[in-house]
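What follows is a short report on a single structure.
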Amino acid sequence: MTMTDSVRTRFAPSPTGRLHLGNIRAAVFNWLFARHHGGAFVLRLEDTDVGRNVAGAEAGVLEDLRWLGLTWDEGPGVGGPHAPYRQSERGATYRDALARLVEAGAAYPCFCDGGAGEASGDDEDAEGGEETGAGWRRYDGRCRGLTPAEARARVEAGEAHVVRFAAPREGVVTVRDVVRGAIETPAADVDDFVLMRGDGRPTYNFAVVVDDVDMAISHVIRGSGHLSNTPKQALLFDALGVPRPVFAHLAQVLDPAGGKLSKRTGARPLSAYRADGFLPDALVNYLSLLGWSDPQEREVLTRDELVEAISLERLGPSDTAYDPEKLRWVATRHLAALPLEAVVEGVRPYLREAGPPFDGWSGAELESAVEALRSRLGAFGEVREHLHFFEPPAERMAEARRAVSRDPEARTVIDALMDALAAVSDDAWSPETVKTAVKEAGTAAGVRGKALYTPLRLAVSGEEHGPDVARILHTLGRTRTLDRLRAVSMPASN
Ligand code: GLU
């Protein structure tokens, strides 16, 4: 088997809520890396911590991944040779692996605390290693000294117990991380952590390794919050007699204020970006920049370019901050590269929602409006922020009317515009004919540039600046354009 066909990565979310940019970034890198090598991207749901599972979260995760185009080759919904891909359905696999470890003396039952297995090993399955207990307390290793026969007898007698890993007591655990180099942890800092809880559910650290082995995962690419789990997991790979995967812990993503970006600090769910009308490719691109850099220093890359360019070597360990402005910039560039029809389709739902007259825009007028606004958009939903150029609020129009009426030159320009535009027939009304007519009006009034366009913009949009005015006029149509010009040309009576 060559390196190329043996690359297998995975994304292993816990169904505890919607994905946000911070946690979906791991999926992006795993997906890109698998695609780069023509390998497999596996989706596995880590749902053994039943107390933290949230109803409907699994469906949300799948929906988010599908929307981002991070298609999985194996996992829920598609199956695969290592099914099932939900940890809650893989109990037999964990029990088998546990039996092998106990048999080999690498794990032992522990009857302390009535099998409550307090401290260590539990519930460290979320980025950042969520501590659910009151604090870390090293297990004193009492049950490790029991003879196998004694331990077996107590288990067979039905005594409540957990199963612990017999961690090395001396030396240093060294883990190689592609991003961070060798990470050394004194063995004294690795507890005899719990593998199987008293109720028969595996802990995160155990299930993740058994699954990574069973699913032949070659590269574990994930958030730096899991660094503290890695020595334990590395030891488990060793104990199971399986080569460790390549570990790559991504740079931490901070929020714009420098705090931790996490579900707890209210990071925005991916579904909100979808609702805003961001392009999936733009998000994938932006997320790829959080902890990775292109060798050619490009920042705007298509999905194919990313697949081509991605490599673990270009991952960096330094913290990176989520920057909404940068995301918008990347998104704007992606949107600019779309054909007009795609932008029209993208904004359509938001125009429909905006009600009249926008929901009635169609054909060439709709295209003109979209062409006028598209360069301003980072996401389709932003179109809503620019509709006022077509339908200004009444107060703004009243103000514009006063501004024009105070300025005799502007009034002359408006009159010339009315004449020139009235001469364009309804049938001939297009961005080009309108543009020509506006220029003619300028010639007639002896003005150009700002002196010509400011009165025009004020008359139709109530603003001195804005998108391509010929396209605005085209979208408004002849009648409404002339009405608006007439309204400002009349002496201000209000
Ligand atoms: N289930 C873990 C989480 O939600 C991911 C496990 C891993 O990537 O090793 O963060």
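Please note that chains go A, B, ... in the order of the structure tokens, that every chain numbers its residues from 1, and that ligands are numbered from 1 in the order shown.
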
*asked:* Just want the 12 Å neighbourhood of Gly200 (chain A), counted on only C-alpha atoms, with same-chain residues fewer than 4 positions away dropped. Output as a list of chain:residue names.
replied: A:Thr48, A:Asp49, A:Ser88, A:Arg90, A:Gly91, A:Ala92, A:Tyr94, A:Arg95, A:Leu98, A:Pro109, A:Gly115, A:Ala116, A:Gly117, A:Ala160, A:His161, A:Val162, A:Val163, A:Val194, A:Leu195, A:Met196, A:Ala207

*Return as an NGL selection string every polymer residue, whether protein, DNA or RNA, with at least one atom no more than 8 Å from an atom of ligand 1; count only C-alpha atoms and all ligand atoms.*
:A and (10-15 or 23 or 45-47 or 125-127 or 204-205 or 208 or 220-223 or 226)

*Would you give me, as number ranges by chain, the residues in region 141-362 of chain A that DSSP reads as alpha helix (DSSP H)?*
A: 148-156, 204-214, 230-239, 270-276, 280-288, 303-309, 324-336, 340-354

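For the atom pair formed by CA of Leu43 (chain A) and CA of Ala55 (chain A), the distance is 18.5 Å, given to one decimal.
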
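Distance-wise, CA of Ser228 (chain A) and CA of Phe29 (chain A) end up 20.4 Å apart.
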
*Name the residues of region 120-330 of chain A that fall into strand (DSSP E) according to DSSP on the backbone, using the chain letters and numbers of this document, as an MDAnalysis selection string.*
chainID A and resid 162:165 172:177 181:186 194:196 219:223 246:250 253:254 320:321

Please save C-alpha atoms of the selected residues as a short mmCIF file (atom, residue, chain, number, x, y, z; two decimals), in the first residue's frame.
```
data_model
loop_
_atom_site.label_atom_id
_atom_site.label_comp_id
_atom_site.auth_asym_id
_atom_site.auth_seq_id
_atom_site.Cartn_x
_atom_site.Cartn_y
_atom_site.Cartn_z
CA VAL A 162 -14.25 0.78 36.47
CA VAL A 163 -11.34 -0.36 34.33
CA ARG A 164 -8.16 1.69 34.46
CA PHE A 165 -5.15 1.91 32.24
CA VAL A 172 8.80 10.36 29.89
CA VAL A 173 6.04 9.91 27.36
CA THR A 174 7.13 11.44 24.07
CA VAL A 175 4.60 12.20 21.38
CA ARG A 176 5.55 13.55 17.99
CA ASP A 177 3.27 16.19 16.67
CA GLY A 181 7.51 18.68 17.33
CA ALA A 182 8.20 16.34 20.22
CA ILE A 183 5.92 16.81 23.20
CA GLU A 184 7.28 15.34 26.37
CA THR A 185 5.15 14.51 29.37
CA PRO A 186 6.63 13.03 32.53
CA VAL A 194 -10.28 5.25 33.43
CA LEU A 195 -10.96 3.37 30.18
CA MET A 196 -14.37 1.95 30.97
CA HIS A 219 -3.63 11.08 10.63
CA VAL A 220 -5.28 12.65 13.64
CA ILE A 221 -5.74 16.33 12.86
CA ARG A 222 -7.61 18.22 15.56
CA GLY A 223 -7.70 21.21 17.83
CA VAL A 246 0.45 11.00 12.78
CA PHE A 247 -0.74 13.63 15.22
CA ALA A 248 -1.28 17.22 14.08
CA HIS A 249 -2.74 19.64 16.60
CA LEU A 250 -3.99 22.78 14.97
CA VAL A 253 -8.56 29.81 17.38
CA LEU A 254 -9.25 32.78 19.62
CA THR A 320 -4.84 32.58 15.48
CA ALA A 321 -7.87 34.80 15.90
#
```

_Given only C-alpha atoms as the counted atoms, nearest of A:Leu70, A:Ala153, A:Ala234, A:Leu366 to Asp212 (chain A)_ = A:Ala234

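The gap separating CA of Ala372 (chain A) from CA of His474 (chain A) is 10.3 Å, in Å to one decimal.
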
Distance query region 406-412 of chain A at most 7 Å, only C-alpha atoms, self and fewer than 5 positions along chain excluded, as an mmCIF file with N, CA, C and O atoms, in the first residue's frame:
```cif
data_model
loop_
_atom_site.group_PDB
_atom_site.id
_atom_site.type_symbol
_atom_site.label_atom_id
_atom_site.label_comp_id
_atom_site.auth_asym_id
_atom_site.auth_seq_id
_atom_site.Cartn_x
_atom_site.Cartn_y
_atom_site.Cartn_z
ATOM 1 N N ALA A 445 -26.705 70.472 -19.910
ATOM 2 C CA ALA A 445 -26.660 71.372 -18.756
ATOM 3 C C ALA A 445 -25.264 71.956 -18.557
ATOM 4 O O ALA A 445 -25.061 72.795 -17.670
ATOM 5 N N PRO A 455 -26.701 65.275 -8.170
ATOM 6 C CA PRO A 455 -28.152 65.529 -8.189
ATOM 7 C C PRO A 455 -28.948 64.287 -8.614
ATOM 8 O O PRO A 455 -30.007 64.000 -8.060
ATOM 9 N N SER A 489 -37.481 68.038 -8.577
ATOM 10 C CA SER A 489 -37.415 69.275 -9.363
ATOM 11 C C SER A 489 -38.471 70.285 -8.917
ATOM 12 O O SER A 489 -38.372 71.464 -9.197
#
```

*Can you tell me, as a ChimeraX atom specification, what residues are no more than 12 Å from region 338-351 of chain A when counting only C-alpha atoms, ignoring any on the same chain fewer than 5 positions away?*
/A:274-279,281-282,302,331-333,356-387

For the selection just defined, write its residues with N, CA and C atoms to a file, as a CSV table (one decimal), in the first residue's frame.
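Result written to result.csv:
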```csv
chain,number,residue,atom,x,y,z
A,274,ARG,N,-24.7,30.2,7.3
A,274,ARG,CA,-25.5,29.7,6.1
A,274,ARG,C,-26.8,30.6,5.9
A,275,ALA,N,-27.4,30.9,7.1
A,275,ALA,CA,-28.6,31.8,7.0
A,275,ALA,C,-28.3,33.2,6.4
A,276,ASP,N,-27.1,33.6,6.7
A,276,ASP,CA,-26.6,34.9,6.1
A,276,ASP,C,-26.3,34.9,4.6
A,277,GLY,N,-26.2,33.6,4.1
A,277,GLY,CA,-26.0,33.5,2.7
A,277,GLY,C,-24.5,33.5,2.4
A,278,PHE,N,-23.6,33.0,3.3
A,278,PHE,CA,-22.2,32.9,2.9
A,278,PHE,C,-22.0,31.7,2.0
A,279,LEU,N,-21.0,31.8,1.2
A,279,LEU,CA,-20.7,30.7,0.3
A,279,LEU,C,-19.9,29.6,1.0
A,281,ASP,N,-17.8,27.6,-0.1
A,281,ASP,CA,-16.3,27.6,-0.5
A,281,ASP,C,-15.6,28.8,0.2
A,282,ALA,N,-16.3,29.9,0.5
A,282,ALA,CA,-15.6,31.0,1.1
A,282,ALA,C,-15.3,30.6,2.6
A,302,THR,N,-9.7,28.6,-4.3
A,302,THR,CA,-10.9,27.8,-4.6
A,302,THR,C,-10.7,26.5,-3.8
A,331,ALA,N,-14.8,36.2,1.6
A,331,ALA,CA,-16.1,35.9,1.0
A,331,ALA,C,-16.5,36.8,-0.2
A,332,THR,N,-16.1,38.0,-0.1
A,332,THR,CA,-16.4,39.0,-1.1
A,332,THR,C,-15.7,38.5,-2.4
A,333,ARG,N,-14.4,38.1,-2.3
A,333,ARG,CA,-13.7,37.7,-3.4
A,333,ARG,C,-14.3,36.4,-4.1
A,356,PRO,N,-42.3,43.7,-1.3
A,356,PRO,CA,-42.4,44.6,-2.5
A,356,PRO,C,-41.5,45.8,-2.3
A,357,PRO,N,-40.9,46.4,-3.3
A,357,PRO,CA,-41.1,45.9,-4.7
A,357,PRO,C,-40.0,44.8,-5.1
A,358,PHE,N,-39.1,44.5,-4.1
A,358,PHE,CA,-38.0,43.7,-4.4
A,358,PHE,C,-38.4,42.3,-4.8
A,359,ASP,N,-39.4,41.7,-4.1
A,359,ASP,CA,-39.8,40.4,-4.5
A,359,ASP,C,-40.4,40.3,-5.9
A,360,GLY,N,-40.7,41.5,-6.5
A,360,GLY,CA,-41.3,41.4,-7.8
A,360,GLY,C,-40.2,41.7,-8.9
A,361,TRP,N,-39.0,42.0,-8.5
A,361,TRP,CA,-37.9,42.2,-9.5
A,361,TRP,C,-37.7,40.9,-10.3
A,362,SER,N,-37.6,41.0,-11.6
A,362,SER,CA,-37.3,39.9,-12.4
A,362,SER,C,-36.6,40.3,-13.6
A,363,GLY,N,-36.1,39.3,-14.4
A,363,GLY,CA,-35.5,39.5,-15.7
A,363,GLY,C,-34.3,40.5,-15.6
A,364,ALA,N,-34.3,41.3,-16.7
A,364,ALA,CA,-33.2,42.2,-16.9
A,364,ALA,C,-33.0,43.2,-15.7
A,365,GLU,N,-34.2,43.7,-15.1
A,365,GLU,CA,-34.1,44.6,-14.0
A,365,GLU,C,-33.5,44.0,-12.8
A,366,LEU,N,-33.9,42.8,-12.5
A,366,LEU,CA,-33.3,42.1,-11.4
A,366,LEU,C,-31.7,41.9,-11.6
A,367,GLU,N,-31.4,41.6,-12.8
A,367,GLU,CA,-30.0,41.4,-13.1
A,367,GLU,C,-29.2,42.7,-13.0
A,368,SER,N,-29.8,43.8,-13.4
A,368,SER,CA,-29.2,45.1,-13.2
A,368,SER,C,-28.9,45.4,-11.7
A,369,ALA,N,-30.0,45.1,-10.9
A,369,ALA,CA,-29.9,45.4,-9.5
A,369,ALA,C,-28.7,44.6,-8.9
A,370,VAL,N,-28.7,43.3,-9.3
A,370,VAL,CA,-27.7,42.4,-8.7
A,370,VAL,C,-26.3,42.8,-9.2
A,371,GLU,N,-26.2,43.2,-10.5
A,371,GLU,CA,-24.9,43.6,-11.0
A,371,GLU,C,-24.4,44.9,-10.3
A,372,ALA,N,-25.4,45.7,-10.0
A,372,ALA,CA,-25.0,47.0,-9.3
A,372,ALA,C,-24.5,46.7,-7.9
A,373,LEU,N,-25.1,45.7,-7.2
A,373,LEU,CA,-24.7,45.5,-5.8
A,373,LEU,C,-23.7,44.4,-5.5
A,374,ARG,N,-23.5,43.5,-6.5
A,374,ARG,CA,-22.7,42.3,-6.2
A,374,ARG,C,-21.3,42.6,-5.6
A,375,SER,N,-20.6,43.7,-6.1
A,375,SER,CA,-19.3,43.9,-5.5
A,375,SER,C,-19.3,44.3,-4.1
A,376,ARG,N,-20.5,44.7,-3.6
A,376,ARG,CA,-20.6,45.1,-2.2
A,376,ARG,C,-20.9,43.9,-1.2
A,377,LEU,N,-21.1,42.7,-1.8
A,377,LEU,CA,-21.6,41.6,-1.0
A,377,LEU,C,-20.5,40.7,-0.5
A,378,GLY,N,-20.5,40.3,0.8
A,378,GLY,CA,-19.7,39.2,1.3
A,378,GLY,C,-20.5,38.0,1.4
A,379,ALA,N,-21.8,38.2,1.5
A,379,ALA,CA,-22.8,37.1,1.6
A,379,ALA,C,-24.1,37.5,1.0
A,380,PHE,N,-24.8,36.6,0.4
A,380,PHE,CA,-26.0,37.0,-0.3
A,380,PHE,C,-27.0,37.8,0.5
A,381,GLY,N,-27.1,37.4,1.8
A,381,GLY,CA,-28.0,38.1,2.7
A,381,GLY,C,-27.7,39.6,2.9
A,382,GLU,N,-26.5,40.0,2.6
A,382,GLU,CA,-26.1,41.4,2.7
A,382,GLU,C,-26.8,42.3,1.7
A,383,VAL,N,-27.4,41.7,0.7
A,383,VAL,CA,-28.2,42.4,-0.3
A,383,VAL,C,-29.2,43.3,0.4
A,384,ARG,N,-29.7,42.8,1.5
A,384,ARG,CA,-30.8,43.6,2.3
A,384,ARG,C,-30.3,44.9,2.7
A,385,GLU,N,-29.0,45.0,3.0
A,385,GLU,CA,-28.5,46.3,3.5
A,385,GLU,C,-28.3,47.3,2.5
A,386,HIS,N,-28.5,46.9,1.2
A,386,HIS,CA,-28.3,47.9,0.1
A,386,HIS,C,-29.5,48.2,-0.7
A,387,LEU,N,-30.6,47.6,-0.2
A,387,LEU,CA,-31.9,47.9,-1.0
A,387,LEU,C,-32.4,49.3,-0.9
```

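The closest residue to Val50 (chain A), picked from A:Arg152, A:Lys435, A:Arg201, A:Arg138 and counting only C-alpha atoms, is A:Arg201.
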
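Each of A:Gly225, A:Gly466, A:Gly105, A:Gly449 was checked against Gly22 (chain A) using only C-alpha atoms; the smallest atom-to-atom distance is that of A:Gly225.
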
Give me the residues within 12 Å of Ala239 (chain A) as a compact mmCIF listing (two decimals) with all heavy atoms, in the first residue's frame, counting only C-alpha atoms and dropping any in the same chain fewer than 5 places off.
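Once everything was written out, this is around-v8.txt:
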```txt
# COMPACT_ATOMS: atom_id res chain seq x y z
N ALA A 97 -11.57 -4.81 22.96
CA ALA A 97 -10.26 -4.17 23.11
C ALA A 97 -9.88 -4.13 24.59
O ALA A 97 -8.73 -4.37 24.96
CB ALA A 97 -10.29 -2.76 22.54
N LEU A 98 -10.89 -3.88 25.42
CA LEU A 98 -10.62 -3.80 26.86
C LEU A 98 -10.16 -5.16 27.38
O LEU A 98 -9.19 -5.24 28.14
CB LEU A 98 -11.90 -3.37 27.59
CG LEU A 98 -11.68 -2.94 29.03
CD1 LEU A 98 -11.03 -1.56 29.06
CD2 LEU A 98 -12.99 -2.90 29.80
N ARG A 100 -8.63 -7.42 25.81
CA ARG A 100 -7.24 -7.67 25.36
C ARG A 100 -6.25 -6.92 26.25
O ARG A 100 -5.22 -7.45 26.62
CB ARG A 100 -7.08 -7.25 23.90
CG ARG A 100 -7.44 -8.39 22.94
CD ARG A 100 -7.16 -8.02 21.50
NE ARG A 100 -8.25 -7.20 20.97
CZ ARG A 100 -8.11 -6.03 20.36
NH1 ARG A 100 -6.90 -5.51 20.19
NH2 ARG A 100 -9.15 -5.37 19.90
N LEU A 101 -6.61 -5.70 26.60
CA LEU A 101 -5.70 -4.91 27.44
C LEU A 101 -5.59 -5.52 28.84
O LEU A 101 -4.50 -5.60 29.41
CB LEU A 101 -6.17 -3.46 27.54
CG LEU A 101 -6.02 -2.61 26.26
CD1 LEU A 101 -6.60 -1.21 26.49
CD2 LEU A 101 -4.55 -2.49 25.85
N VAL A 102 -6.72 -5.95 29.37
CA VAL A 102 -6.70 -6.54 30.72
C VAL A 102 -5.87 -7.83 30.68
O VAL A 102 -5.00 -8.06 31.52
CB VAL A 102 -8.14 -6.82 31.23
CG1 VAL A 102 -8.11 -7.62 32.53
CG2 VAL A 102 -8.89 -5.50 31.43
N GLU A 103 -6.13 -8.60 29.66
CA GLU A 103 -5.40 -9.87 29.47
C GLU A 103 -3.89 -9.63 29.44
O GLU A 103 -3.10 -10.36 30.03
CB GLU A 103 -5.88 -10.48 28.14
CG GLU A 103 -5.31 -11.82 27.77
CD GLU A 103 -5.71 -12.92 28.77
OE1 GLU A 103 -6.81 -12.82 29.39
OE2 GLU A 103 -4.91 -13.83 28.94
N ALA A 104 -3.50 -8.56 28.75
CA ALA A 104 -2.08 -8.26 28.59
C ALA A 104 -1.50 -7.55 29.82
O ALA A 104 -0.32 -7.22 29.85
CB ALA A 104 -1.87 -7.39 27.35
N GLY A 105 -2.34 -7.28 30.80
CA GLY A 105 -1.85 -6.59 32.00
C GLY A 105 -1.72 -5.09 31.80
O GLY A 105 -1.12 -4.40 32.63
N ALA A 106 -2.27 -4.56 30.71
CA ALA A 106 -2.16 -3.13 30.46
C ALA A 106 -3.34 -2.35 31.04
O ALA A 106 -3.36 -1.12 31.00
CB ALA A 106 -2.07 -2.88 28.95
N ALA A 107 -4.31 -3.09 31.57
CA ALA A 107 -5.48 -2.43 32.18
C ALA A 107 -5.96 -3.31 33.33
O ALA A 107 -5.70 -4.52 33.33
CB ALA A 107 -6.58 -2.24 31.15
N PHE A 165 -6.35 2.19 33.02
CA PHE A 165 -5.15 1.91 32.24
C PHE A 165 -3.96 1.85 33.21
O PHE A 165 -3.84 2.69 34.10
CB PHE A 165 -4.92 3.03 31.23
CG PHE A 165 -3.73 2.81 30.35
CD1 PHE A 165 -3.67 1.71 29.49
CD2 PHE A 165 -2.66 3.69 30.38
CE1 PHE A 165 -2.57 1.51 28.67
CE2 PHE A 165 -1.56 3.50 29.55
CZ PHE A 165 -1.51 2.40 28.70
N ALA A 166 -3.11 0.85 33.03
CA ALA A 166 -1.91 0.76 33.86
C ALA A 166 -0.82 1.60 33.20
O ALA A 166 -0.06 1.12 32.37
CB ALA A 166 -1.47 -0.71 33.99
N ALA A 167 -0.81 2.87 33.56
CA ALA A 167 0.12 3.81 32.90
C ALA A 167 1.54 3.59 33.43
O ALA A 167 1.72 3.17 34.57
CB ALA A 167 -0.33 5.24 33.18
N PRO A 168 2.52 3.90 32.58
CA PRO A 168 3.90 3.75 33.06
C PRO A 168 4.13 4.70 34.24
O PRO A 168 3.56 5.78 34.30
CB PRO A 168 4.75 4.17 31.85
CG PRO A 168 3.83 4.90 30.94
CD PRO A 168 2.45 4.42 31.22
N PHE A 206 -10.37 6.34 25.66
CA PHE A 206 -10.31 4.94 25.26
C PHE A 206 -11.04 4.73 23.93
O PHE A 206 -10.50 4.17 22.98
CB PHE A 206 -10.93 4.09 26.38
CG PHE A 206 -10.91 2.61 26.07
CD1 PHE A 206 -9.73 1.99 25.67
CD2 PHE A 206 -12.07 1.84 26.17
CE1 PHE A 206 -9.70 0.62 25.39
CE2 PHE A 206 -12.05 0.48 25.89
CZ PHE A 206 -10.87 -0.12 25.49
N VAL A 209 -9.26 6.00 20.77
CA VAL A 209 -8.12 5.21 20.29
C VAL A 209 -8.58 3.89 19.69
O VAL A 209 -8.14 3.49 18.61
CB VAL A 209 -7.10 4.98 21.43
CG1 VAL A 209 -6.00 4.02 20.99
CG2 VAL A 209 -6.50 6.31 21.86
N VAL A 210 -9.51 3.22 20.37
CA VAL A 210 -10.00 1.95 19.82
C VAL A 210 -10.57 2.19 18.42
O VAL A 210 -10.32 1.44 17.48
CB VAL A 210 -11.08 1.32 20.75
CG1 VAL A 210 -11.73 0.12 20.10
CG2 VAL A 210 -10.45 0.95 22.09
N VAL A 213 -7.90 3.01 15.81
CA VAL A 213 -7.22 1.76 15.41
C VAL A 213 -8.13 0.98 14.47
O VAL A 213 -7.75 0.62 13.36
CB VAL A 213 -6.88 0.90 16.66
CG1 VAL A 213 -6.43 -0.50 16.23
CG2 VAL A 213 -5.81 1.59 17.51
N LYS A 232 -1.92 10.18 26.73
CA LYS A 232 -2.72 9.02 27.14
C LYS A 232 -3.07 8.18 25.93
O LYS A 232 -2.99 6.94 25.94
CB LYS A 232 -4.02 9.47 27.80
CG LYS A 232 -3.84 10.17 29.12
CD LYS A 232 -5.19 10.67 29.63
CE LYS A 232 -5.03 11.43 30.94
NZ LYS A 232 -6.26 12.10 31.34
N GLN A 233 -3.47 8.87 24.87
CA GLN A 233 -3.89 8.13 23.68
C GLN A 233 -2.69 7.42 23.04
O GLN A 233 -2.80 6.28 22.59
CB GLN A 233 -4.57 9.09 22.70
CG GLN A 233 -5.87 9.64 23.29
CD GLN A 233 -6.58 10.63 22.37
OE1 GLN A 233 -6.22 10.80 21.22
NE2 GLN A 233 -7.60 11.28 22.91
N ALA A 234 -1.54 8.11 23.04
CA ALA A 234 -0.35 7.49 22.45
C ALA A 234 0.00 6.20 23.21
O ALA A 234 0.32 5.17 22.61
CB ALA A 234 0.81 8.47 22.50
N ARG A 244 1.28 4.33 16.24
CA ARG A 244 0.49 5.55 16.47
C ARG A 244 0.22 6.25 15.14
O ARG A 244 1.04 6.18 14.23
CB ARG A 244 1.28 6.53 17.35
CG ARG A 244 1.63 5.97 18.71
CD ARG A 244 2.56 6.97 19.39
NE ARG A 244 3.03 6.47 20.67
CZ ARG A 244 3.90 7.13 21.43
NH1 ARG A 244 4.38 8.31 21.03
NH2 ARG A 244 4.29 6.63 22.58
```
